[in-house]
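Q: Sharing upload02.txt, compact mmCIF, C-alpha atoms and all ligand atoms:
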# COMPACT_ATOMS: atom_id res chain seq x y z
CA VAL A 1 2.75 -0.98 39.74
CA GLU A 2 3.03 -2.38 43.27
CA ASN A 3 0.71 -5.27 43.85
CA VAL A 4 -1.31 -4.48 46.99
CA LEU A 5 -4.18 -6.67 48.13
CA THR A 6 -7.36 -6.05 50.06
CA VAL A 7 -8.34 -8.38 52.92
CA SER A 8 -11.20 -9.73 50.84
CA LYS A 9 -8.93 -10.59 47.91
CA LEU A 10 -6.36 -12.37 50.07
CA ALA A 11 -9.12 -14.21 51.90
CA ARG A 12 -10.56 -15.53 48.65
CA ALA A 13 -7.11 -16.34 47.27
CA ILE A 14 -6.35 -18.70 50.17
CA GLY A 15 -9.88 -19.82 50.96
CA VAL A 16 -10.24 -18.41 54.48
CA SER A 17 -12.75 -15.96 55.90
CA GLU A 18 -12.17 -12.25 56.03
CA SER A 19 -12.74 -12.30 59.78
CA SER A 20 -9.92 -14.85 60.28
CA LEU A 21 -7.57 -12.62 58.31
CA LYS A 22 -8.59 -9.62 60.42
CA ARG A 23 -7.83 -11.61 63.57
CA TRP A 24 -4.39 -12.54 62.17
CA SER A 25 -3.88 -8.88 61.36
CA ASP A 26 -4.86 -7.84 64.91
CA ASP A 27 -2.44 -10.32 66.54
CA GLY A 28 0.40 -9.25 64.22
CA THR A 29 0.70 -12.53 62.27
CA LEU A 30 -0.34 -10.63 59.14
CA ARG A 31 1.24 -7.21 58.83
CA VAL A 32 -1.09 -4.79 57.12
CA THR A 33 -0.83 -1.19 56.11
CA ARG A 34 -3.82 1.16 56.30
CA THR A 35 -5.32 3.43 53.70
CA ALA A 36 -6.15 7.02 54.59
CA GLY A 37 -9.68 5.77 55.28
CA GLY A 38 -8.37 3.09 57.69
CA HIS A 39 -8.83 0.06 55.39
CA ARG A 40 -6.31 -2.77 55.62
CA ARG A 41 -3.99 -3.36 52.67
CA ILE A 42 -1.44 -6.15 52.20
CA PRO A 43 1.54 -5.79 49.84
CA LEU A 44 2.07 -8.99 47.82
CA PRO A 45 5.45 -9.93 49.43
CA GLU A 46 3.81 -9.71 52.88
CA ALA A 47 0.93 -11.88 51.67
CA VAL A 48 3.51 -14.39 50.40
CA ARG A 49 5.42 -14.35 53.70
CA PHE A 50 2.15 -14.90 55.58
CA ILE A 51 1.03 -17.73 53.29
CA ARG A 52 4.39 -19.47 53.81
CA GLN A 53 4.27 -18.92 57.57
CA ILE A 54 0.81 -20.33 58.22
CA GLY A 55 1.09 -22.99 55.49
CA ALA A 56 -1.97 -21.70 53.64
CA HIS A 57 -2.98 -23.31 50.38
CA VAL A 58 -3.47 -20.93 47.47
CA VAL A 59 -6.74 -21.75 45.75
CA ARG A 60 -7.05 -18.66 43.53
CA PRO A 61 -3.51 -17.63 42.51
CA ASP A 62 -4.98 -15.25 39.90
CA LEU A 63 -6.23 -13.02 42.75
CA LEU A 64 -2.61 -12.61 43.87
CA GLY A 65 -1.64 -11.76 40.30
CA LEU A 66 0.22 -15.09 40.03
CA VAL A 67 -1.56 -16.23 36.89
CA ASP A 68 1.20 -18.66 35.87
CA MET A 69 0.31 -20.84 38.86
CA ASP A 70 -2.95 -21.65 37.10
CA SER A 71 -0.99 -23.65 34.54
CA THR A 72 0.72 -25.89 37.10
CA PRO A 73 -0.63 -29.41 37.38
CA GLU A 74 -3.16 -30.12 40.14
CA GLY A 75 -1.48 -30.90 43.47
CA PHE A 76 1.98 -30.02 42.17
CA SER A 77 3.36 -28.29 45.25
CA THR A 78 2.08 -30.95 47.64
CA ARG A 79 3.78 -33.78 45.79
CA THR A 80 6.78 -35.05 47.67
CA ASN A 81 8.86 -35.10 44.51
CA PRO A 82 8.15 -32.41 41.92
CA ASP A 83 11.44 -33.06 40.09
CA GLU A 84 9.96 -35.07 37.24
CA ALA A 85 7.16 -32.59 36.47
CA LEU A 86 9.57 -29.68 36.46
CA TYR A 87 12.02 -31.51 34.22
CA GLU A 88 9.30 -32.39 31.71
CA ALA A 89 7.93 -28.85 31.54
CA LEU A 90 11.43 -27.44 31.07
CA GLU A 91 12.33 -30.04 28.49
CA GLN A 92 9.21 -29.23 26.49
CA GLY A 93 9.63 -25.48 26.83
CA ARG A 94 6.36 -24.88 28.70
CA ALA A 95 7.50 -21.56 30.15
CA ALA A 96 4.36 -20.44 32.02
CA GLU A 97 4.07 -23.85 33.64
CA VAL A 98 7.69 -23.76 34.83
CA ARG A 99 7.27 -20.25 36.22
CA GLY A 100 4.09 -21.34 37.98
CA MET A 101 5.78 -24.42 39.44
CA ILE A 102 8.62 -22.39 40.90
CA GLN A 103 6.17 -19.89 42.43
CA SER A 104 4.07 -22.72 43.74
CA LEU A 105 7.04 -24.38 45.47
CA TYR A 106 8.05 -21.09 47.05
CA LEU A 107 4.51 -20.33 48.25
CA SER A 108 4.18 -23.78 49.76
CA GLY A 109 7.17 -23.08 51.98
CA TRP A 110 10.25 -24.31 50.08
CA SER A 111 13.27 -22.07 50.65
CA LEU A 112 15.13 -20.67 47.64
CA PRO A 113 18.14 -22.99 48.27
CA GLN A 114 15.81 -26.00 48.44
CA ILE A 115 14.35 -25.10 45.05
CA PHE A 116 17.73 -24.24 43.50
CA ASP A 117 19.83 -27.15 44.84
CA GLY A 118 16.97 -29.59 44.36
CA PRO A 119 14.56 -29.66 41.40
CA LEU A 120 16.19 -26.87 39.38
CA ARG A 121 19.76 -28.11 39.59
CA GLY A 122 18.56 -31.66 38.95
CA ALA A 123 16.48 -30.71 35.90
CA MET A 124 19.30 -28.65 34.37
CA ALA A 125 21.81 -31.46 34.90
CA ARG A 126 19.47 -33.89 33.14
CA LEU A 127 18.85 -31.46 30.26
CA GLY A 128 22.62 -31.18 29.93
CA GLU A 129 22.79 -34.82 28.88
CA LEU A 130 20.44 -34.34 25.91
CA TRP A 131 22.84 -32.70 23.47
CA LEU A 132 25.08 -35.79 23.66
CA HIS A 133 22.33 -37.75 21.92
CA ALA A 134 20.70 -35.23 19.58
CA GLU A 135 21.43 -31.76 18.27
CA TRP A 136 17.97 -30.64 19.37
CA GLY A 137 19.27 -30.91 22.94
CA ILE A 138 21.15 -27.66 22.41
CA VAL A 139 17.90 -25.86 21.59
CA VAL A 140 16.38 -27.38 24.70
CA GLU A 141 19.14 -26.26 27.06
CA HIS A 142 19.26 -22.70 25.70
CA ARG A 143 15.47 -22.45 25.93
CA ALA A 144 15.40 -23.94 29.43
CA THR A 145 18.05 -21.52 30.70
CA ASN A 146 15.95 -18.59 29.55
CA ILE A 147 12.77 -19.96 31.06
CA VAL A 148 14.55 -20.36 34.40
CA ILE A 149 15.79 -16.75 34.14
CA GLN A 150 12.13 -15.67 33.81
CA ALA A 151 11.11 -17.79 36.79
CA LEU A 152 13.90 -16.39 38.96
CA GLY A 153 12.93 -12.82 38.01
CA GLN A 154 9.39 -13.52 39.17
CA LEU A 155 10.61 -15.05 42.42
CA ARG A 156 12.34 -11.81 43.30
CA SER A 157 9.01 -9.96 43.31
CA LEU A 158 7.80 -12.38 46.00
CA LEU A 159 10.74 -11.82 48.39
CA PRO A 160 10.32 -9.73 51.53
CA PRO A 161 10.76 -5.99 50.95
CA HIS A 162 14.35 -4.99 50.50
CA ASN A 163 15.90 -2.79 53.17
CA PRO A 164 18.11 -0.23 51.39
CA ALA A 165 20.33 0.02 54.49
CA ALA A 166 21.21 -3.70 54.44
CA PRO A 167 24.89 -4.65 53.95
CA VAL A 168 25.92 -5.39 50.39
CA ALA A 169 26.91 -8.66 48.74
CA VAL A 170 28.41 -8.49 45.25
CA GLY A 171 29.05 -11.41 42.96
CA SER A 172 29.58 -12.76 39.48
CA ALA A 173 30.88 -15.62 37.39
CA GLY A 174 34.42 -15.46 36.02
CA ASP A 175 35.64 -13.86 32.79
CA GLN A 176 35.62 -17.15 30.83
CA ASP A 177 32.37 -18.30 32.36
CA SER A 178 29.18 -17.78 30.36
CA TYR A 179 26.86 -19.51 32.83
CA ILE A 180 24.06 -17.17 33.89
CA LEU A 181 21.97 -19.19 36.34
CA PRO A 182 24.40 -19.98 39.17
CA SER A 183 25.31 -16.34 39.89
CA LEU A 184 21.67 -15.30 39.50
CA MET A 185 20.65 -17.91 42.06
CA ALA A 186 23.41 -16.83 44.45
CA SER A 187 22.16 -13.25 44.14
CA LEU A 188 18.60 -14.19 45.11
CA VAL A 189 19.84 -16.33 47.97
CA MET A 190 21.84 -13.42 49.38
CA ALA A 191 18.80 -11.15 48.99
CA GLU A 192 16.61 -13.62 50.87
CA VAL A 193 19.19 -13.87 53.66
CA GLY A 194 19.01 -10.07 54.08
CA PHE A 195 21.78 -8.56 51.97
CA THR A 196 21.51 -5.91 49.30
CA ASP A 197 22.56 -8.10 46.38
CA VAL A 198 24.43 -6.85 43.33
CA ASN A 199 24.88 -9.45 40.58
CA LEU A 200 27.43 -8.68 37.86
CA GLY A 201 26.58 -11.90 36.03
CA PRO A 202 28.67 -14.03 33.68
CA MET A 203 31.93 -13.14 31.89
CA THR A 204 33.12 -10.81 34.63
CA PRO A 205 36.89 -10.32 35.03
CA THR A 206 37.99 -10.59 38.66
CA TRP A 207 39.24 -6.98 38.64
CA VAL A 208 35.72 -5.81 37.80
CA LEU A 209 34.34 -7.80 40.73
CA ARG A 210 37.04 -6.30 42.96
CA ASN A 211 36.18 -2.73 41.84
CA ALA A 212 32.48 -3.29 42.46
CA CYS A 213 33.21 -4.67 45.94
CA ALA A 214 35.25 -1.55 46.75
CA TYR A 215 32.59 0.79 45.34
CA TYR A 216 29.79 -0.85 47.33
CA ARG A 217 31.96 -1.59 50.41
CA ALA A 218 30.68 -5.12 50.05
CA ARG A 219 30.66 -7.35 53.13
CA VAL A 220 30.55 -10.47 51.03
CA ALA A 221 31.56 -11.35 47.49
CA TRP A 222 30.47 -14.55 45.76
CA LEU A 223 32.18 -16.00 42.74
CA SER A 224 30.51 -18.76 40.78
CA MET A 225 32.80 -21.08 38.86
CA SER A 226 31.22 -23.40 36.33
CA VAL A 227 34.15 -23.32 33.92
CA ALA A 228 37.86 -23.53 34.66
CA ALA A 229 39.41 -23.42 31.20
CA HIS A 230 42.79 -22.37 32.63
CA PRO A 231 42.88 -23.66 36.20
CA GLU A 232 46.40 -22.33 36.91
CA ARG A 233 45.52 -18.79 35.84
CA LEU A 234 42.24 -18.95 37.72
CA HIS A 235 44.05 -20.12 40.83
CA GLN A 236 46.37 -17.10 40.62
CA ASP A 237 43.51 -14.69 39.91
CA LEU A 238 41.67 -16.04 42.91
CA GLU A 239 44.70 -15.64 45.16
CA ALA A 240 45.06 -11.98 44.12
CA LEU A 241 41.32 -11.35 44.49
CA ALA A 242 41.17 -12.93 47.94
CA LEU A 243 44.13 -10.84 49.07
CA ASP A 244 42.60 -7.57 47.80
CA LEU A 245 39.16 -8.31 49.18
CA GLY A 246 40.69 -9.30 52.50
CA THR A 247 42.25 -5.86 52.89
CA CYS A 248 38.89 -4.14 52.35
CA GLY A 249 37.05 -6.46 54.74
CA THR A 250 35.05 -8.33 52.08
CA ARG A 251 34.63 -12.08 52.68
CA LEU A 252 34.95 -14.12 49.49
CA VAL A 253 32.75 -17.17 49.00
CA ILE A 254 33.25 -19.36 45.96
CA GLY A 255 31.27 -22.28 44.61
CA GLY A 256 30.15 -24.00 41.43
CA ARG A 257 30.89 -27.14 39.45
CA ALA A 258 34.46 -26.17 38.56
CA THR A 259 35.53 -25.13 42.06
CA GLU A 260 37.55 -28.23 42.83
CA SER A 261 39.74 -27.96 39.74
CA ILE A 262 41.40 -24.82 41.08
CA ARG A 263 42.51 -26.29 44.45
CA PRO A 264 40.55 -23.73 46.50
CA ALA A 265 41.67 -25.21 49.80
CA GLN A 266 45.11 -23.78 49.11
CA VAL A 267 43.92 -20.22 48.58
CA PRO A 268 43.97 -18.30 51.86
CA GLY A 269 40.95 -16.15 52.66
CA VAL A 270 38.55 -18.06 50.41
CA ILE A 271 35.47 -19.77 51.78
CA VAL A 272 34.33 -22.70 49.65
CA ALA A 273 30.64 -23.63 49.57
CA ARG A 274 29.11 -26.50 47.64
CA SER A 275 25.52 -25.41 47.35
CA MET A 276 23.09 -22.53 47.60
CA GLY A 277 22.08 -23.97 50.98
CA GLU A 278 25.64 -23.59 52.24
CA LEU A 279 25.81 -20.08 50.79
CA ALA A 280 22.63 -19.15 52.67
CA SER A 281 24.01 -20.47 55.98
CA LEU A 282 27.31 -18.69 55.45
CA GLY A 283 25.52 -15.48 54.49
CA ALA A 284 23.29 -15.64 57.56
CA GLY A 285 26.36 -16.25 59.74
CA LEU A 286 28.28 -13.35 58.22
CA LEU A 287 25.29 -11.02 58.75
CA THR A 288 25.40 -11.69 62.49
CA GLN A 289 29.11 -10.78 62.56
CA ILE A 290 28.43 -7.27 61.31
CA PRO A 291 29.11 -4.79 64.14
CA PRO A 292 25.86 -3.73 65.86
CA HIS A 293 26.20 -0.04 64.94
CA GLU A 294 26.20 -1.03 61.26
CA GLN A 295 23.36 -3.47 61.58
CA VAL A 296 19.95 -2.80 60.16
CA PRO A 297 17.24 -2.80 62.83
C1 LIG A 301 22.69 -24.50 30.12
C2 LIG A 301 24.02 -25.10 29.80
C3 LIG A 301 24.83 -24.47 28.87
C4 LIG A 301 24.45 -23.15 28.23
C5 LIG A 301 24.68 -22.00 29.24
C6 LIG A 301 23.71 -20.86 29.01
C7 LIG A 301 24.01 -19.72 29.93
N1 LIG A 301 24.39 -18.62 29.34
O1 LIG A 301 23.90 -19.84 31.15
C8 LIG A 301 25.40 -23.10 27.00
C9 LIG A 301 24.63 -23.55 25.80
C10 LIG A 301 26.01 -21.77 26.70
C11 LIG A 301 26.43 -24.16 27.38
C12 LIG A 301 27.62 -24.28 26.70
C13 LIG A 301 28.52 -25.30 26.89
N2 LIG A 301 28.36 -26.37 27.70
CO1 LIG A 301 26.97 -26.47 29.00
N3 LIG A 301 25.55 -26.90 30.17
C14 LIG A 301 24.45 -26.28 30.46
C15 LIG A 301 23.68 -27.09 31.51
C16 LIG A 301 22.62 -27.91 30.81
C17 LIG A 301 23.02 -26.29 32.62
C18 LIG A 301 23.93 -25.30 33.35
C19 LIG A 301 23.18 -24.63 34.45
O2 LIG A 301 22.80 -23.48 34.36
N4 LIG A 301 22.90 -25.37 35.55
C20 LIG A 301 22.16 -24.89 36.69
C21 LIG A 301 23.13 -24.52 37.79
C22 LIG A 301 22.46 -23.69 38.85
O3 LIG A 301 23.61 -25.71 38.38
P1 LIG A 301 25.13 -25.84 38.84
O4 LIG A 301 26.00 -25.16 37.90
O5 LIG A 301 25.35 -27.27 39.14
O6 LIG A 301 25.15 -24.96 40.18
C23 LIG A 301 24.83 -25.48 41.46
C24 LIG A 301 26.06 -25.72 42.31
O7 LIG A 301 27.21 -25.96 41.58
C25 LIG A 301 26.15 -24.52 43.19
N5 LIG A 301 26.84 -23.32 42.75
C26 LIG A 301 27.03 -22.83 41.52
N6 LIG A 301 27.65 -21.66 41.56
C27 LIG A 301 27.85 -21.36 42.84
C28 LIG A 301 28.44 -20.25 43.45
C29 LIG A 301 28.52 -20.18 44.82
C30 LIG A 301 29.15 -19.00 45.47
C31 LIG A 301 28.02 -21.26 45.61
C32 LIG A 301 28.14 -21.22 47.07
C33 LIG A 301 27.43 -22.38 45.00
C34 LIG A 301 27.34 -22.41 43.62
O8 LIG A 301 24.79 -24.19 43.40
C35 LIG A 301 24.04 -24.43 42.19
C36 LIG A 301 22.64 -24.88 42.59
O9 LIG A 301 22.69 -26.08 43.30
C37 LIG A 301 24.83 -27.98 32.09
C38 LIG A 301 24.41 -29.22 32.80
C39 LIG A 301 24.64 -29.13 34.32
N7 LIG A 301 25.06 -30.15 34.95
O10 LIG A 301 24.47 -28.12 34.92
C40 LIG A 301 25.70 -28.18 30.85
C41 LIG A 301 27.17 -28.53 30.98
C42 LIG A 301 27.77 -27.79 32.13
N8 LIG A 301 27.74 -28.04 29.73
C43 LIG A 301 28.68 -28.80 29.25
C44 LIG A 301 29.40 -28.55 28.05
C45 LIG A 301 30.30 -29.66 27.57
C46 LIG A 301 29.26 -27.33 27.39
C47 LIG A 301 30.03 -26.89 26.14
C48 LIG A 301 31.52 -27.23 26.16
C49 LIG A 301 29.31 -27.50 24.93
C50 LIG A 301 29.96 -27.24 23.60
N9 LIG A 301 30.42 -28.30 23.04
O11 LIG A 301 30.03 -26.13 23.16
C51 LIG A 301 29.80 -25.38 26.14
C52 LIG A 301 30.92 -24.66 26.88
C53 LIG A 301 30.55 -23.27 27.34
C54 LIG A 301 31.69 -22.59 28.05
N10 LIG A 301 31.99 -21.37 27.71
O12 LIG A 301 32.33 -23.15 28.87
C55 LIG A 301 28.91 -30.00 30.13
C56 LIG A 301 30.20 -29.86 30.95
C57 LIG A 301 30.94 -31.16 31.05
C58 LIG A 301 32.15 -31.00 31.94
N11 LIG A 301 32.55 -32.05 32.53
O13 LIG A 301 32.68 -29.94 32.11
C59 LIG A 301 27.59 -30.06 30.96
C60 LIG A 301 27.76 -30.65 32.38
C61 LIG A 301 26.56 -30.87 30.14
C62 LIG A 301 26.96 -32.30 29.96
N12 LIG A 301 26.48 -33.21 30.80
O14 LIG A 301 27.70 -32.62 29.06
N13 LIG A 301 26.02 -24.95 28.36
For this file, produce the structure as structure tokens.
A:
Amino acid sequence: VENVLTVSKLARAIGVSESSLKRWSDDGTLRVTRTAGGHRRIPLPEAVRFIRQIGAHVVRPDLLGLVDMDSTPEGFSTRTNPDEALYEALEQGRAAEVRGMIQSLYLSGWSLPQIFDGPLRGAMARLGELWLHAEWGIVVEHRATNIVIQALGQLRSLLPPHNPAAPVAVGSAGDQDSYILPSLMASLVMAEVGFTDVNLGPMTPTWVLRNACAYYRARVAWLSMSVAAHPERLHQDLEALALDLGTCGTRLVIGGRATESIRPAQVPGVIVARSMGELASLGAGLLTQIPPHEQVP
């Protein structure tokens, strides 16, 4: 069911008066829809956009339906460095708290790349050290990965409404690559930039990615590379993929921890990015290059 708010609910959620919200609605800062009877309604993603824009502080997240935010520690999103709290919650498997923390960062104005390249990447890298010292570390990293998947799924419901006419970006991780999070993050980043994102996920052979790009007439393809078990073969695969995608007008962006091991600089037609932040900038740049008649208004 779509989460749609009344003015009174949103006002109480962020601790402002209903009349202020109505003023913001009248000057266009808050975009409302109207019921048949003329009452203002605010879809949750618009409420989220508005909260981020004016820097509002959410005092009653439950009224927005974001109940997990109630389990985040007091003052979490306003701390300059939430890395430690996020790491601890992930390490101890406190799923609701992690989901709430991620929502809280997003609502307080962090961009998706800031969350992904910062606290999330940092926490996962630290968790990755644990198995070297104790077997339990393997439980922790599996559990943490799945908690982050939940958090990312929730984030999607907070993104601005998707325009079905937006150009498509398709992506995956390679056929030997079981890592779920990097491609999932790339997908959300492309969605936030304004693409229709299609994530094929881990263990995807390059020919499958190529077929999907052709089917969707993708403008952009991303390939996440966390594992390069056979760098030579991967290098060749990438060359062939870049060539094929080039002929159908799809730009190929690659990134991930294993990128360097395949000498990407020597593969023509491949754009290398080091972070989700770089992917977002590239994506935004590529969107502006789309011919005006194909652009979404
Ligand atoms: C979770 C995890 C696993 C899980 C994965 C679950 C899953 N299905 O996703 C499981 C348990 C399966 C696993 C298995 C293994 N793992 Co592991 N794993 C991790 C861990 C802890 C987190 C990975 C993760 O999701 N990180 C979060 C992502 C988002 O971070 P990221 O990859 O750095 O991505 C960022 C950038 O690279 C970039 N980026 C990524 N992709 C892309 C794509 C594009 C287009 C762009 C622009 C940018 C970009 O943006 C991201 C955000 O900033 C890492 C630690 C770490 N450093 O990450 C170890 C780690 C990667 N694993 C490691 C190892 C050794 C293994 C195993 C070999 C263990 C074993 N003995 O079996 C196996 C091998 C699996 C395989 N097939 O290769 C080592 C690798 C060491 C090395 N030098 O290669 C690490 C570093 C842990 C460690 N310190 O020892 N692992």
Q: Considering only C-alpha atoms, tabulate each residue of stretch 41-88 of chain A that lies at most 8 Å from stretch 119-142 of chain A along with its nearest interatomic pair and the corresponding distance in Å to one decimal; arrange the rows by chain and ascending residue number and present them as a Markdown table.
A:
| residue | atom | partner | partner_atom | distance |
| --- | --- | --- | --- | --- |
| A:Pro82 | CA | A:Pro119 | CA | 7.0 |
| A:Asp83 | CA | A:Pro119 | CA | 4.8 |
| A:Glu84 | CA | A:Ala123 | CA | 8.0 |
| A:Leu86 | CA | A:Ala123 | CA | 7.0 |
| A:Tyr87 | CA | A:Ala123 | CA | 4.8 |
Q: Output the selection as a PDB file, keeping the file's coordinate frame - C-alpha atoms for each residue.
A:
ATOM      1  CA  PRO A  82       8.150 -32.410  41.920  1.00  0.00           C
ATOM      2  CA  ASP A  83      11.440 -33.060  40.090  1.00  0.00           C
ATOM      3  CA  GLU A  84       9.960 -35.070  37.240  1.00  0.00           C
ATOM      4  CA  LEU A  86       9.570 -29.680  36.460  1.00  0.00           C
ATOM      5  CA  TYR A  87      12.020 -31.510  34.220  1.00  0.00           C
TER       6      TYR A  87
END
Q: Write out as a ChimeraX atom specification which residues come within 10 Å of stretch 276-287 of chain A when counting only C-alpha atoms, dropping same-chain ones fewer than 6 positions away.
A: /A:111-118,166-167,169,182,185-195,219-220,222,251,253-256,295-296
Q: When you draw a straight line from atom C34 of ligand LIG 301 (chain A) to atom CA of A:Gln103, how long is it in Å?
A: 21.4 Å
Q: Neighbourhood query: residues within 6 Å of (1.0, -24.1, 46.0), file coordinates, counting only C-alpha atoms; return as a list of chain:residue names.
A: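 Looking at atoms near the point gives A:His57, A:Val58, A:Ser77, A:Ser104, A:Leu107, A:Ser108.
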Q: To one decimal in Å, tell me the separation between atom CA of A:Ser172 and atom CA of A:Gln266.
A: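 Between atom CA of A:Ser172 and atom CA of A:Gln266 the gap is 21.3 Å.
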Q: Which residues are close to stretch 7-21 of chain A, i.e. within 8 Å by only C-alpha atoms, leaving aside same-chain residues fewer than 3 positions away? Reply as a ChimeraX atom specification.
A: /A:24-25,30,40-42,47,56-64
